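Engineer: What follows is data-v9.txt, compact mmCIF, N, CA and C atoms.
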# COMPACT_ATOMS: atom_id res chain seq x y z
N MET A 1 43.77 17.75 0.44
CA MET A 1 43.27 17.54 -0.88
C MET A 1 42.88 16.08 -1.05
N GLN A 2 41.74 15.83 -1.65
CA GLN A 2 41.28 14.47 -1.83
C GLN A 2 41.68 13.96 -3.21
N PRO A 3 41.92 12.64 -3.32
CA PRO A 3 42.26 12.09 -4.62
C PRO A 3 41.08 12.19 -5.57
N SER A 4 41.36 12.34 -6.85
CA SER A 4 40.30 12.48 -7.85
C SER A 4 40.01 11.16 -8.55
N GLY A 5 40.18 10.07 -7.85
CA GLY A 5 39.92 8.74 -8.40
C GLY A 5 38.42 8.49 -8.53
N PRO A 6 38.06 7.33 -9.07
CA PRO A 6 36.64 7.02 -9.24
C PRO A 6 35.94 6.89 -7.90
N ALA A 7 34.66 7.22 -7.90
CA ALA A 7 33.87 7.12 -6.68
C ALA A 7 33.71 5.65 -6.30
N SER A 8 33.55 5.40 -5.03
CA SER A 8 33.37 4.03 -4.59
C SER A 8 32.06 3.48 -5.13
N PRO A 9 31.97 2.16 -5.36
CA PRO A 9 30.73 1.59 -5.89
C PRO A 9 29.55 1.81 -4.96
N ARG A 10 29.80 1.86 -3.67
CA ARG A 10 28.72 2.07 -2.71
C ARG A 10 28.11 3.46 -2.86
N ALA A 11 28.93 4.46 -3.14
CA ALA A 11 28.44 5.82 -3.27
C ALA A 11 27.64 6.01 -4.56
N ALA A 12 27.91 5.22 -5.58
CA ALA A 12 27.24 5.39 -6.87
C ALA A 12 25.85 4.77 -6.90
N ARG A 13 25.58 3.79 -6.05
CA ARG A 13 24.28 3.11 -6.06
C ARG A 13 23.21 3.96 -5.40
N PRO A 14 22.01 3.95 -5.96
CA PRO A 14 20.93 4.67 -5.28
C PRO A 14 20.49 3.91 -4.03
N LEU A 15 19.87 4.63 -3.13
CA LEU A 15 19.38 4.00 -1.91
C LEU A 15 18.24 3.05 -2.26
N PRO A 16 18.21 1.87 -1.67
CA PRO A 16 17.11 0.95 -1.96
C PRO A 16 15.82 1.43 -1.30
N GLY A 17 14.71 1.02 -1.88
CA GLY A 17 13.41 1.35 -1.29
C GLY A 17 13.20 0.51 -0.05
N PRO A 18 12.29 0.92 0.81
CA PRO A 18 12.00 0.13 2.00
C PRO A 18 11.50 -1.26 1.62
N ARG A 19 11.85 -2.24 2.36
CA ARG A 19 11.37 -3.60 2.14
C ARG A 19 10.66 -4.05 3.40
N LEU A 20 9.35 -4.15 3.31
CA LEU A 20 8.53 -4.51 4.46
C LEU A 20 8.14 -5.98 4.38
N THR A 21 8.02 -6.60 5.52
CA THR A 21 7.47 -7.95 5.56
C THR A 21 5.97 -7.85 5.27
N GLY A 22 5.31 -8.98 5.13
CA GLY A 22 3.88 -8.96 4.91
C GLY A 22 3.15 -8.27 6.05
N LEU A 23 3.53 -8.59 7.28
CA LEU A 23 2.92 -7.94 8.44
C LEU A 23 3.26 -6.46 8.48
N GLY A 24 4.51 -6.13 8.18
CA GLY A 24 4.92 -4.73 8.17
C GLY A 24 4.18 -3.93 7.11
N GLY A 25 3.96 -4.54 5.94
CA GLY A 25 3.19 -3.87 4.90
C GLY A 25 1.75 -3.62 5.34
N GLY A 26 1.17 -4.60 6.00
CA GLY A 26 -0.18 -4.43 6.51
C GLY A 26 -0.26 -3.36 7.57
N LEU A 27 0.70 -3.34 8.47
CA LEU A 27 0.71 -2.32 9.52
C LEU A 27 0.95 -0.93 8.93
N PHE A 28 1.85 -0.85 7.94
CA PHE A 28 2.10 0.43 7.29
C PHE A 28 0.82 0.97 6.64
N CYS A 29 0.17 0.12 5.85
CA CYS A 29 -1.02 0.55 5.13
C CYS A 29 -2.16 0.89 6.10
N ALA A 30 -2.33 0.09 7.15
CA ALA A 30 -3.38 0.37 8.13
C ALA A 30 -3.11 1.68 8.87
N ALA A 31 -1.86 1.89 9.26
CA ALA A 31 -1.52 3.14 9.95
C ALA A 31 -1.69 4.33 9.02
N ALA A 32 -1.29 4.18 7.77
CA ALA A 32 -1.45 5.27 6.80
C ALA A 32 -2.92 5.60 6.60
N MET A 33 -3.77 4.58 6.50
CA MET A 33 -5.20 4.83 6.28
C MET A 33 -5.85 5.44 7.52
N LEU A 34 -5.40 5.06 8.69
CA LEU A 34 -5.92 5.68 9.91
C LEU A 34 -5.53 7.15 9.97
N VAL A 35 -4.28 7.44 9.65
CA VAL A 35 -3.82 8.84 9.64
C VAL A 35 -4.55 9.62 8.56
N PHE A 36 -4.69 9.03 7.36
CA PHE A 36 -5.42 9.70 6.28
C PHE A 36 -6.87 9.97 6.68
N GLY A 37 -7.49 9.01 7.34
CA GLY A 37 -8.86 9.19 7.78
C GLY A 37 -9.00 10.32 8.79
N LEU A 38 -8.06 10.38 9.73
CA LEU A 38 -8.10 11.45 10.73
C LEU A 38 -7.82 12.81 10.10
N LEU A 39 -6.86 12.86 9.15
CA LEU A 39 -6.60 14.12 8.44
C LEU A 39 -7.80 14.53 7.61
N ASP A 40 -8.43 13.57 6.97
CA ASP A 40 -9.62 13.84 6.18
C ASP A 40 -10.73 14.40 7.07
N LEU A 41 -10.90 13.81 8.22
CA LEU A 41 -11.90 14.28 9.16
C LEU A 41 -11.61 15.72 9.60
N ALA A 42 -10.35 16.01 9.88
CA ALA A 42 -9.98 17.34 10.37
C ALA A 42 -10.00 18.40 9.27
N LEU A 43 -9.55 18.04 8.08
CA LEU A 43 -9.40 19.04 7.03
C LEU A 43 -10.59 19.15 6.09
N PHE A 44 -11.24 18.03 5.80
CA PHE A 44 -12.29 18.02 4.80
C PHE A 44 -13.65 17.63 5.35
N GLY A 45 -13.78 17.47 6.64
CA GLY A 45 -15.07 17.14 7.24
C GLY A 45 -15.54 15.74 6.90
N ALA A 46 -14.66 14.79 6.87
CA ALA A 46 -14.98 13.36 6.65
C ALA A 46 -15.51 13.11 5.24
N SER A 47 -14.78 13.56 4.25
CA SER A 47 -15.14 13.29 2.85
C SER A 47 -14.67 11.89 2.48
N ARG A 48 -15.62 11.03 2.17
CA ARG A 48 -15.25 9.66 1.81
C ARG A 48 -14.56 9.59 0.46
N THR A 49 -14.81 10.56 -0.41
CA THR A 49 -14.13 10.59 -1.70
C THR A 49 -12.64 10.88 -1.51
N VAL A 50 -12.32 11.83 -0.65
CA VAL A 50 -10.92 12.13 -0.35
C VAL A 50 -10.25 10.92 0.30
N TYR A 51 -10.96 10.27 1.20
CA TYR A 51 -10.42 9.08 1.85
C TYR A 51 -10.12 8.00 0.82
N GLY A 52 -11.04 7.77 -0.10
CA GLY A 52 -10.83 6.76 -1.14
C GLY A 52 -9.68 7.13 -2.06
N ALA A 53 -9.58 8.41 -2.42
CA ALA A 53 -8.48 8.84 -3.28
C ALA A 53 -7.13 8.69 -2.59
N LEU A 54 -7.09 8.90 -1.30
CA LEU A 54 -5.83 8.71 -0.55
C LEU A 54 -5.50 7.23 -0.37
N PHE A 55 -6.49 6.38 -0.51
CA PHE A 55 -6.27 4.94 -0.40
C PHE A 55 -5.42 4.42 -1.55
N LEU A 56 -5.56 4.99 -2.73
CA LEU A 56 -4.84 4.50 -3.90
C LEU A 56 -3.32 4.63 -3.76
N PRO A 57 -2.76 5.79 -3.37
CA PRO A 57 -1.31 5.84 -3.18
C PRO A 57 -0.82 4.96 -2.02
N ALA A 58 -1.64 4.81 -0.99
CA ALA A 58 -1.24 3.92 0.11
C ALA A 58 -1.12 2.48 -0.40
N CYS A 59 -2.04 2.09 -1.28
CA CYS A 59 -1.99 0.75 -1.87
C CYS A 59 -0.75 0.59 -2.74
N ALA A 60 -0.48 1.60 -3.56
CA ALA A 60 0.68 1.53 -4.46
C ALA A 60 1.98 1.44 -3.66
N LEU A 61 2.11 2.24 -2.61
CA LEU A 61 3.33 2.18 -1.79
C LEU A 61 3.46 0.85 -1.08
N THR A 62 2.37 0.34 -0.59
CA THR A 62 2.42 -0.97 0.07
C THR A 62 2.89 -2.05 -0.91
N ALA A 63 2.35 -2.03 -2.13
CA ALA A 63 2.73 -3.02 -3.13
C ALA A 63 4.18 -2.87 -3.55
N CYS A 64 4.67 -1.65 -3.58
CA CYS A 64 6.06 -1.42 -4.00
C CYS A 64 7.06 -1.73 -2.90
N TRP A 65 6.66 -1.57 -1.66
CA TRP A 65 7.60 -1.70 -0.56
C TRP A 65 7.63 -3.07 0.11
N VAL A 66 6.71 -3.94 -0.22
CA VAL A 66 6.71 -5.26 0.42
C VAL A 66 7.82 -6.11 -0.20
N ARG A 67 8.42 -6.97 0.59
CA ARG A 67 9.51 -7.82 0.12
C ARG A 67 9.01 -8.79 -0.95
N GLY A 68 9.94 -9.27 -1.76
CA GLY A 68 9.59 -10.20 -2.83
C GLY A 68 8.96 -11.49 -2.33
N VAL A 69 9.40 -12.00 -1.21
CA VAL A 69 8.84 -13.25 -0.70
C VAL A 69 7.45 -13.05 -0.09
N ASP A 70 7.10 -11.82 0.21
CA ASP A 70 5.80 -11.53 0.82
C ASP A 70 4.85 -10.83 -0.14
N LEU A 71 5.11 -10.92 -1.43
CA LEU A 71 4.29 -10.20 -2.41
C LEU A 71 2.81 -10.55 -2.34
N LEU A 72 2.50 -11.79 -2.11
CA LEU A 72 1.11 -12.21 -2.14
C LEU A 72 0.29 -11.70 -0.96
N THR A 73 0.95 -11.17 0.05
CA THR A 73 0.20 -10.64 1.19
C THR A 73 -0.35 -9.25 0.93
N ALA A 74 0.27 -8.50 0.03
CA ALA A 74 -0.15 -7.11 -0.20
C ALA A 74 -1.61 -6.98 -0.64
N PRO A 75 -2.07 -7.75 -1.63
CA PRO A 75 -3.49 -7.60 -2.01
C PRO A 75 -4.45 -8.07 -0.92
N ILE A 76 -3.96 -8.78 0.05
CA ILE A 76 -4.82 -9.24 1.15
C ILE A 76 -4.93 -8.17 2.23
N VAL A 77 -3.84 -7.48 2.52
CA VAL A 77 -3.85 -6.54 3.64
C VAL A 77 -4.45 -5.18 3.29
N VAL A 78 -4.46 -4.79 2.01
CA VAL A 78 -4.95 -3.44 1.71
C VAL A 78 -6.46 -3.29 1.96
N PRO A 79 -7.31 -4.28 1.67
CA PRO A 79 -8.72 -4.09 2.04
C PRO A 79 -8.94 -4.00 3.55
N ILE A 80 -8.13 -4.74 4.29
CA ILE A 80 -8.21 -4.65 5.75
C ILE A 80 -7.82 -3.25 6.21
N ALA A 81 -6.76 -2.70 5.61
CA ALA A 81 -6.33 -1.35 5.96
C ALA A 81 -7.39 -0.32 5.61
N PHE A 82 -8.09 -0.52 4.49
CA PHE A 82 -9.19 0.38 4.12
C PHE A 82 -10.24 0.41 5.23
N ALA A 83 -10.55 -0.76 5.74
CA ALA A 83 -11.57 -0.87 6.79
C ALA A 83 -11.08 -0.30 8.12
N VAL A 84 -9.77 -0.29 8.35
CA VAL A 84 -9.24 0.24 9.62
C VAL A 84 -9.51 1.73 9.74
N GLY A 85 -9.29 2.48 8.68
CA GLY A 85 -9.46 3.92 8.75
C GLY A 85 -10.86 4.40 8.43
N LEU A 86 -11.69 3.54 7.88
CA LEU A 86 -13.03 3.94 7.43
C LEU A 86 -13.93 4.47 8.55
N PRO A 87 -13.89 3.96 9.77
CA PRO A 87 -14.77 4.53 10.81
C PRO A 87 -14.54 6.01 11.08
N THR A 88 -13.37 6.54 10.74
CA THR A 88 -13.12 7.96 10.97
C THR A 88 -13.93 8.85 10.04
N VAL A 89 -14.33 8.32 8.87
CA VAL A 89 -15.08 9.12 7.90
C VAL A 89 -16.51 8.62 7.70
N ALA A 90 -16.87 7.52 8.34
CA ALA A 90 -18.21 6.96 8.17
C ALA A 90 -19.21 7.77 9.00
N ASP A 91 -20.39 7.98 8.43
CA ASP A 91 -21.46 8.65 9.16
C ASP A 91 -22.09 7.64 10.10
N GLY A 92 -21.96 7.88 11.38
CA GLY A 92 -22.51 6.95 12.36
C GLY A 92 -23.57 7.61 13.22
N GLY A 93 -24.49 6.79 13.65
CA GLY A 93 -25.52 7.28 14.56
C GLY A 93 -25.07 7.12 16.00
N ASP A 94 -26.03 7.16 16.89
CA ASP A 94 -25.73 7.01 18.31
C ASP A 94 -25.56 5.54 18.65
N GLY A 95 -24.61 5.25 19.50
CA GLY A 95 -24.40 3.90 20.00
C GLY A 95 -23.69 2.99 19.01
N PHE A 96 -23.55 1.77 19.46
CA PHE A 96 -22.83 0.77 18.68
C PHE A 96 -23.56 0.44 17.39
N THR A 97 -24.87 0.28 17.45
CA THR A 97 -25.65 -0.09 16.27
C THR A 97 -25.58 1.00 15.21
N GLY A 98 -25.66 2.25 15.61
CA GLY A 98 -25.55 3.36 14.66
C GLY A 98 -24.19 3.44 14.01
N ALA A 99 -23.15 3.24 14.82
CA ALA A 99 -21.79 3.27 14.28
C ALA A 99 -21.56 2.11 13.32
N LEU A 100 -22.07 0.93 13.67
CA LEU A 100 -21.93 -0.23 12.80
C LEU A 100 -22.69 -0.04 11.49
N THR A 101 -23.88 0.54 11.57
CA THR A 101 -24.66 0.81 10.36
C THR A 101 -23.95 1.82 9.47
N GLY A 102 -23.38 2.85 10.06
CA GLY A 102 -22.62 3.83 9.29
C GLY A 102 -21.39 3.23 8.64
N PHE A 103 -20.71 2.33 9.35
CA PHE A 103 -19.52 1.68 8.82
C PHE A 103 -19.88 0.78 7.64
N VAL A 104 -20.91 -0.03 7.80
CA VAL A 104 -21.32 -0.94 6.72
C VAL A 104 -21.81 -0.16 5.51
N THR A 105 -22.53 0.92 5.75
CA THR A 105 -23.00 1.75 4.65
C THR A 105 -21.82 2.39 3.90
N ALA A 106 -20.85 2.91 4.64
CA ALA A 106 -19.67 3.50 4.02
C ALA A 106 -18.88 2.45 3.24
N LEU A 107 -18.78 1.27 3.80
CA LEU A 107 -18.07 0.18 3.11
C LEU A 107 -18.77 -0.18 1.81
N ALA A 108 -20.09 -0.20 1.82
CA ALA A 108 -20.84 -0.54 0.62
C ALA A 108 -20.78 0.57 -0.43
N THR A 109 -20.90 1.81 -0.01
CA THR A 109 -20.92 2.90 -0.97
C THR A 109 -19.53 3.25 -1.50
N GLU A 110 -18.49 2.92 -0.78
CA GLU A 110 -17.13 3.21 -1.22
C GLU A 110 -16.41 1.97 -1.74
N ALA A 111 -17.16 0.97 -2.13
CA ALA A 111 -16.57 -0.28 -2.63
C ALA A 111 -15.74 -0.06 -3.89
N GLY A 112 -16.09 0.94 -4.68
CA GLY A 112 -15.31 1.23 -5.88
C GLY A 112 -13.87 1.60 -5.56
N TRP A 113 -13.69 2.44 -4.54
CA TRP A 113 -12.33 2.78 -4.11
C TRP A 113 -11.61 1.55 -3.58
N LEU A 114 -12.33 0.74 -2.84
CA LEU A 114 -11.74 -0.47 -2.28
C LEU A 114 -11.27 -1.42 -3.39
N TYR A 115 -12.14 -1.64 -4.36
CA TYR A 115 -11.76 -2.52 -5.48
C TYR A 115 -10.65 -1.90 -6.31
N GLY A 116 -10.71 -0.60 -6.52
CA GLY A 116 -9.67 0.07 -7.30
C GLY A 116 -8.30 -0.03 -6.64
N GLY A 117 -8.26 0.20 -5.33
CA GLY A 117 -6.99 0.09 -4.62
C GLY A 117 -6.45 -1.32 -4.60
N THR A 118 -7.35 -2.28 -4.45
CA THR A 118 -6.92 -3.68 -4.49
C THR A 118 -6.43 -4.05 -5.88
N LEU A 119 -7.07 -3.52 -6.92
CA LEU A 119 -6.61 -3.76 -8.28
C LEU A 119 -5.24 -3.14 -8.54
N VAL A 120 -5.03 -1.93 -8.04
CA VAL A 120 -3.71 -1.29 -8.17
C VAL A 120 -2.65 -2.14 -7.49
N THR A 121 -2.94 -2.57 -6.29
CA THR A 121 -2.00 -3.40 -5.54
C THR A 121 -1.73 -4.71 -6.27
N GLY A 122 -2.79 -5.37 -6.71
CA GLY A 122 -2.63 -6.65 -7.41
C GLY A 122 -1.83 -6.51 -8.69
N THR A 123 -2.05 -5.44 -9.43
CA THR A 123 -1.31 -5.23 -10.68
C THR A 123 0.18 -5.01 -10.40
N ILE A 124 0.49 -4.17 -9.44
CA ILE A 124 1.90 -3.92 -9.10
C ILE A 124 2.56 -5.20 -8.60
N VAL A 125 1.86 -5.94 -7.76
CA VAL A 125 2.41 -7.19 -7.23
C VAL A 125 2.63 -8.20 -8.36
N LEU A 126 1.69 -8.29 -9.28
CA LEU A 126 1.82 -9.21 -10.41
C LEU A 126 3.02 -8.87 -11.28
N VAL A 127 3.21 -7.59 -11.58
CA VAL A 127 4.36 -7.17 -12.39
C VAL A 127 5.66 -7.45 -11.65
N ARG A 128 5.69 -7.14 -10.36
CA ARG A 128 6.91 -7.42 -9.59
C ARG A 128 7.20 -8.91 -9.53
N ARG A 129 6.18 -9.72 -9.39
CA ARG A 129 6.36 -11.18 -9.32
C ARG A 129 6.89 -11.72 -10.65
N ILE A 130 6.35 -11.23 -11.76
CA ILE A 130 6.83 -11.68 -13.08
C ILE A 130 8.29 -11.30 -13.26
N ARG A 131 8.65 -10.09 -12.89
CA ARG A 131 10.06 -9.68 -13.01
C ARG A 131 10.96 -10.52 -12.11
N LEU A 132 10.50 -10.84 -10.91
CA LEU A 132 11.27 -11.65 -9.99
C LEU A 132 11.49 -13.06 -10.55
N VAL A 133 10.46 -13.65 -11.10
CA VAL A 133 10.58 -14.99 -11.68
C VAL A 133 11.51 -14.97 -12.89
N ARG A 134 11.39 -13.96 -13.73
CA ARG A 134 12.27 -13.86 -14.90
C ARG A 134 13.73 -13.72 -14.49
N ARG A 135 13.99 -12.94 -13.44
CA ARG A 135 15.37 -12.80 -12.95
C ARG A 135 15.90 -14.12 -12.43
N ARG A 136 15.06 -14.87 -11.72
CA ARG A 136 15.49 -16.17 -11.19
C ARG A 136 15.79 -17.15 -12.33
N VAL A 137 14.94 -17.17 -13.34
CA VAL A 137 15.16 -18.06 -14.48
C VAL A 137 16.43 -17.66 -15.21
N ALA A 138 16.64 -16.37 -15.40
CA ALA A 138 17.83 -15.89 -16.09
C ALA A 138 19.10 -16.24 -15.29
N ALA A 139 19.03 -16.11 -13.99
CA ALA A 139 20.19 -16.45 -13.16
C ALA A 139 20.46 -17.95 -13.19
N ARG A 140 19.39 -18.73 -13.23
CA ARG A 140 19.55 -20.18 -13.28
C ARG A 140 20.17 -20.61 -14.61
N GLU A 141 19.80 -19.95 -15.69
CA GLU A 141 20.32 -20.28 -17.01
C GLU A 141 21.68 -19.65 -17.26
N GLY A 142 22.13 -18.80 -16.36
CA GLY A 142 23.45 -18.21 -16.48
C GLY A 142 23.54 -17.05 -17.44
N ARG A 143 22.45 -16.36 -17.66
CA ARG A 143 22.49 -15.19 -18.54
C ARG A 143 22.00 -13.97 -17.77
N ALA A 144 22.22 -12.83 -18.36
CA ALA A 144 21.82 -11.58 -17.71
C ALA A 144 20.31 -11.44 -17.81
N PRO A 145 19.69 -10.91 -16.75
CA PRO A 145 18.23 -10.72 -16.79
C PRO A 145 17.85 -9.63 -17.80
N ALA A 146 16.68 -9.80 -18.40
CA ALA A 146 16.20 -8.83 -19.40
C ALA A 146 15.60 -7.63 -18.75
Could you render the structure as structure tokens?
Structural biologist:
Amino acid sequence: MQPSGPASPRAARPLPGPRLTGLGGGLFCAAAMLVFGLLDLALFGASRTVYGALFLPACALTACWVRGVDLLTAPIVVPIAFAVGLPTVADGGDGFTGALTGFVTALATEAGWLYGGTLVTGTIVLVRRIRLVRRRVAAREGRAPA
């Protein structure tokens, strides 16, 4: 029979979210976009709209999971990650020149998704940074954070 005392403090706390370094956040987002691009190619026949829509949650997760000290890297790495997976859904011609033309065209026509995902990331990072600074100021002043 187990004692019916209070649960340990460790058992009561929720599990923390992943905390990625700036490089880890970039690798996560790039790998996610590559996988999303390949899934999009296999399931939807390279729909750039589906690819762009899947970019938004990848951006949000990257912004939420990056460590506090690496917050400023998240808005930088998400556009790079967008470009990593884009060749899987870009319409390319024959050879290097055709593939490059298809990539640049896809990048230009899907810029709205790119800007939207970067805006989502920047907003989440900005809110997290403000909360982090407020907690530091509150701790410095010796009061509980708001």
Engineer: Name the residues in contact with segment 32-34 of chain A at a cut-off of 6.5 Å, using all atoms listed in the file, excluding same-chain residues fewer than 5 positions from it; report them as an MDAnalysis selection string.
Structural biologist: chainID A and resid 27 39 81:82 84:86
Engineer: Write out, as a PDB file, in the coordinates of the input, the residues just selected, with N, CA and C atoms.
Structural biologist:
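Wrote selection.pdb, looks like this:
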ATOM      1  N   LEU A  27       0.700  -3.340   8.470  1.00  0.00           N
ATOM      2  CA  LEU A  27       0.710  -2.320   9.520  1.00  0.00           C
ATOM      3  C   LEU A  27       0.950  -0.930   8.930  1.00  0.00           C
ATOM      4  N   LEU A  39      -6.860  12.860   9.150  1.00  0.00           N
ATOM      5  CA  LEU A  39      -6.600  14.120   8.440  1.00  0.00           C
ATOM      6  C   LEU A  39      -7.800  14.530   7.610  1.00  0.00           C
ATOM      7  N   ALA A  81      -6.760  -2.700   5.610  1.00  0.00           N
ATOM      8  CA  ALA A  81      -6.330  -1.350   5.960  1.00  0.00           C
ATOM      9  C   ALA A  81      -7.390  -0.320   5.610  1.00  0.00           C
ATOM     10  N   PHE A  82      -8.090  -0.520   4.490  1.00  0.00           N
ATOM     11  CA  PHE A  82      -9.190   0.380   4.120  1.00  0.00           C
ATOM     12  C   PHE A  82     -10.240   0.410   5.230  1.00  0.00           C
ATOM     13  N   VAL A  84      -9.770  -0.290   8.350  1.00  0.00           N
ATOM     14  CA  VAL A  84      -9.240   0.240   9.620  1.00  0.00           C
ATOM     15  C   VAL A  84      -9.510   1.730   9.740  1.00  0.00           C
ATOM     16  N   GLY A  85      -9.290   2.480   8.680  1.00  0.00           N
ATOM     17  CA  GLY A  85      -9.460   3.920   8.750  1.00  0.00           C
ATOM     18  C   GLY A  85     -10.860   4.400   8.430  1.00  0.00           C
ATOM     19  N   LEU A  86     -11.690   3.540   7.880  1.00  0.00           N
ATOM     20  CA  LEU A  86     -13.030   3.940   7.430  1.00  0.00           C
ATOM     21  C   LEU A  86     -13.930   4.470   8.550  1.00  0.00           C
TER      22      LEU A  86
END
Engineer: Could you work out how far atom CA of Gly25 of chain A lies from atom CA of Ile76 of chain A, giving the answer in Å with one decimal?
Structural biologist: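 Here the two named atoms are 10.3 Å from each other.
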Engineer: What is the atom CA of Gly117 of chain A to atom CA of Thr88 of chain A distance in Å?
Structural biologist: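 Separation of atom CA of Gly117 of chain A and atom CA of Thr88 of chain A: 18.5 Å.
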Engineer: Ranking A:Leu23, A:Gly122, A:Val89, A:Ala53 by minimum distance to Gly102 of chain A and counting only C-alpha atoms, which one comes first?
Structural biologist: A:Val89
Engineer: For Asp70 of chain A, find every residue with an atom within 8 Å (counting all atoms listed in the file), except residues of its own chain fewer than 6 positions away, and show them as an MDAnalysis selection string.
Structural biologist: chainID A and resid 20:23
Engineer: Which value, in Å to one decimal, gives the distance between atom CA of Leu43 of chain A and atom CA of Gly24 of chain A?
Structural biologist: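 Between these atoms lies a distance of 27.8 Å.
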Engineer: Between A:Leu56, A:Ala30, A:Ala139, A:Val133, which residue has the minimum interatomic distance to Thr118 of chain A, considering only N, CA and C atoms?
Structural biologist: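 Closest candidate: A:Leu56.
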Engineer: Taking the DSSP secondary structure from the backbone, can you list the residues of chain A that are helix (DSSP H, G or I), as JSON, numbers by chain?
Structural biologist: {"A": [9, 10, 11, 12, 22, 23, 24, 25, 26, 27, 28, 29, 30, 31, 32, 33, 34, 35, 36, 37, 38, 39, 40, 41, 42, 43, 44, 48, 49, 50, 51, 52, 53, 54, 55, 56, 57, 58, 59, 60, 61, 62, 63, 64, 65, 68, 69, 70, 71, 72, 73, 74, 75, 76, 77, 78, 79, 80, 81, 82, 83, 84, 85, 86, 87, 88, 95, 96, 97, 98, 99, 100, 101, 102, 103, 104, 105, 106, 107, 108, 109, 111, 112, 113, 114, 115, 116, 117, 118, 119, 120, 121, 122, 123, 124, 125, 126, 127, 128, 129, 130, 131, 132, 133, 134, 135, 136, 137, 138, 139, 140, 141]}
